[in-house]
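Colleague: Pasting in a structure now, in structure tokens, and then I'll have a few things to ask.
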Amino acid sequence: MTPMERLPVHAPDPCPSVRTAEETTDASIIERSRHEPEWFSVIFDRYFTAIHRYVAARLGAGAADDIASETFLAAFDQRNHYDLAYPSARAWLYGIATNLIGRHRRAEIRLYRALGRAAGPGDVENHADRVADRVSAQQLNPALAKGLAGLSEGDRDALLLVACAELSYTEVARALAIPTGTVGSRVTRARRRLRSALGLPSQEVDDRG
Amino acid sequence: MDELRQLKDRHDALPGADDQVVAQARARLLAHMSTPRHRPRFAWALGLGAAAVAAVLVAVIVIATPAHEGSGPVQAHPPSGSRPPATPLRLGPVASAEDLAGNAAALAAAAPDPVPEPGQWAYVKSRNLLQQPKNGTKNRTRTHELWRRADEKQFAYLEDGELKVVDGSEFEVTYPYLLSLPTDPAALLARTYAEVDAEHARHQAARRGGRATVPPLTQEQRHTYAFQHIVQGMRDAVLPRALRAAMYGALAGIPGVRYEARATDLAGRPGVTLYRVHEGYLRDEIFVDPETYEYLGYRTIAVRDFEQPRAYYSVEKGQLLGWGSVIASGVVDRPGLRP
């Protein structure tokens with residue numbers, strides 16, 4: 001026993017991990033969070049990095065920090081309206097994030113235009129901008145970026161949810177609150193335009209729905 | 001490579017959110033959860049600052065708060081009636097944890113004290129409860145002296161009258177951390193909650209390998225841990241007055257923290273108390289000198305029987321789980337010296 005020995009700080013709940021949420025569906029956690037709000041942080045832990053990456057792909061890393069965070073605040077506020085018939089909250093969260101991204105449509109188009117210029121030889125923008133561009137470019141083909149800037153918002157939303165978030169047409173329909181058939185036509189149209197921007201043959205795109 | 005593949009590859013190649021961003025977003029969500037949707041109706045009145053309105057509200061709040069059980073009725077002093085000041089500085093009456101913190105801050109501002117230099121030593125002589133007695137057993141205490149280097153690189157103690165100097169640190173809350181804390185109570189409290197959340201996130205990350213999801217902290221746990229984090233920093237440390245005052249203020253900002261005007265510490269000295277009852281059964285408190293606002297010590301005591309069968313954990317009402325008092329303290333240049 002050394003004189004250094006001190007009584008430990010006493011934790012009133014010495015075994016807090018007795019209740020584990022292993023293999024619990026998002027729906028049951030959200031249901032529980034309606035009465036015990038802190039459970040919602042499990043949803044955060046499951047999806048934050050994915051949502052952040054998706055927002056970063058569309059608006060750049062800086063805006064993503066804020067908007068990904070706001071996505072979960074909005075989701076928390078809407079948890080009472082979550083349809084518990086859907087075990088996974090993935091599509092729901094991507095839908096909320098997509099809505100928030102919609103408020104920054106101009107910033108998104110600016111980013112794509114910057115990416116479209118990134119490889120241009122006559123680039124006279126300042127150094128910081130070019131560094132930022134290069135960082136956000138992450139190998140996105142400039143022609144593809146220009147093509148994205150030219151898409152309508154609805155087409156771009158549907159396409160990127162399919163391409164980046166890998167949602168099915170049914171999930172995209174749920175995320176954007178539109179009919180599944182509409183998802184199909186938006187994705188088809190968006191892909192046709194991008195393929196033409198890339199100079200790829202305009203073959204019939206495969207249906208993922 | 002088709003357009004979908006290119007979009008996906010670029011998305012996947014983006015760097016992930018860094019840990020700090022995740023921690024901040026998480027803290028923001030937790031703070032958002034505890035924000036009441038509808039603010040209390042009288043909140044606007046508090047913002048008026050009109051003395052008459054404020055005085056009425058304060059009186060109502062003091063009476064309505066069941067904060068002073070066991071300490072007798074507490075009078076809501078009118079703003080003009082102050083008790084004889086202990087120092088030339090005129091301090092207001094203390095009827096709440098906030099008052100206590102405010103006076104401590106006023107004292108600290110009037111008489112700032114030096115911060116220990118990294119190579120200096122904090123000396124603390126304290127008396128602690130030696131073991132956790134069940135009801136009926138006599139409290140056994142022990143007094144010991146401790147020297148702790150402010151850069152946390154060494155500490156020293158007396159063993160059989162001989163000074164032992166040891167490299168390293170045994171303290172969970174380190175000195176450099178303590179001295180880096182903000183001296184604004186609100187900022188300090190925010191920092192404390194961030195630490196509590198970060199600690200839980202580390203715990204969670206450590207458990208993820210085992211595929212188990214650690215349940216999120218309840219609000220009650222967050223408040224408990226925040227309280228304990230702050231009071232743990234006060235033990236075995238000599239802190240600048242301004243920081244100590246901010247700690248009182250941060251404690252006062254934790255939901256459930258109450259003020260009690262009459263208390264006695266382990267050394268039998270009279271003091272006042274800031275306390276919180278955690279989880280409905282565990283009273284955690286610090287004692288403060290009502291004249292100098294010095295930190296006197298701490299106590300943790302069960303105020304109700306409590307049992308948690310699955311954790312093989314139980315305490316009886318009245319059981320002391322910790323009690324310690326600072327007898328003397330100060331900053332010195334070498335271990336072995338006393339202030």
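Labels for the structure tokens follow display order: chains A, B, ..., residues from 1 in each chain, ligands from 1.
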With 7 Å as the limit and counting only C-alpha atoms, what residues in chain B lie close to chain A? Please list them as a PyMOL selection string.
Modeller: chain B and resi 3-4+7-8+10-11+13-14+16-17+21+25+29+32-33+144+157+211-218+228+279+311+322
Colleague: Which residues, written as a list in words, have at least one atom at most 6 Å from region 186-196 of chain B, with only C-alpha atoms counted and residues fewer than 4 positions away on the same chain left out?
Modeller: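 In the requested form, the answer reads Pro182, Ala226 and Ala250 of chain B.
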Colleague: Which residues come within 8 Å of Leu239 (chain B), counting only C-alpha atoms, excluding same-chain residues fewer than 3 positions away, as a ChimeraX atom specification?
Modeller: /B:115,179,234,243-244
Colleague: What's the 8 Å shell around Gly168 (chain B), counting only C-alpha atoms, without same-chain residues fewer than 2 positions away, as a PDB file with N, CA and C atoms, in the first residue's frame?
Modeller:
ATOM      1  N   GLU B 152       3.995  16.891 -14.288  1.00  0.00           N
ATOM      2  CA  GLU B 152       3.519  15.512 -14.140  1.00  0.00           C
ATOM      3  C   GLU B 152       4.604  14.476 -14.449  1.00  0.00           C
ATOM      4  N   LYS B 153       5.866  14.910 -14.419  1.00  0.00           N
ATOM      5  CA  LYS B 153       6.930  13.962 -14.745  1.00  0.00           C
ATOM      6  C   LYS B 153       7.380  13.157 -13.535  1.00  0.00           C
ATOM      7  N   GLN B 154       7.108  13.662 -12.339  1.00  0.00           N
ATOM      8  CA  GLN B 154       7.505  12.960 -11.114  1.00  0.00           C
ATOM      9  C   GLN B 154       6.504  13.239 -10.016  1.00  0.00           C
ATOM     10  N   PHE B 155       6.460  12.353  -9.021  1.00  0.00           N
ATOM     11  CA  PHE B 155       5.772  12.680  -7.785  1.00  0.00           C
ATOM     12  C   PHE B 155       6.582  12.103  -6.635  1.00  0.00           C
ATOM     13  N   VAL B 166       9.399   9.392  -7.318  1.00  0.00           N
ATOM     14  CA  VAL B 166       9.091   8.391  -8.335  1.00  0.00           C
ATOM     15  C   VAL B 166       8.899   9.088  -9.684  1.00  0.00           C
ATOM     16  N   GLU B 170       0.654   9.095 -11.530  1.00  0.00           N
ATOM     17  CA  GLU B 170      -0.417   8.124 -11.264  1.00  0.00           C
ATOM     18  C   GLU B 170      -1.778   8.763 -11.390  1.00  0.00           C
TER      19      GLU B 170
END
Colleague: Just how far from CA of Glu260 (chain B) is CA of Leu282 (chain B), in Å to one decimal?
Modeller: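 Computing the Euclidean distance for CA of Leu282 (chain B) and CA of Glu260 (chain B) yields 15.9 Å.
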Colleague: Would you mind telling me which residue in B:Leu107, B:Leu30, B:Ala205, B:Leu129 lies nearest to Arg142 (chain B) when using only C-alpha atoms?
Modeller: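 The shortest atom-to-atom distance to Arg142 (chain B) comes from B:Leu129.
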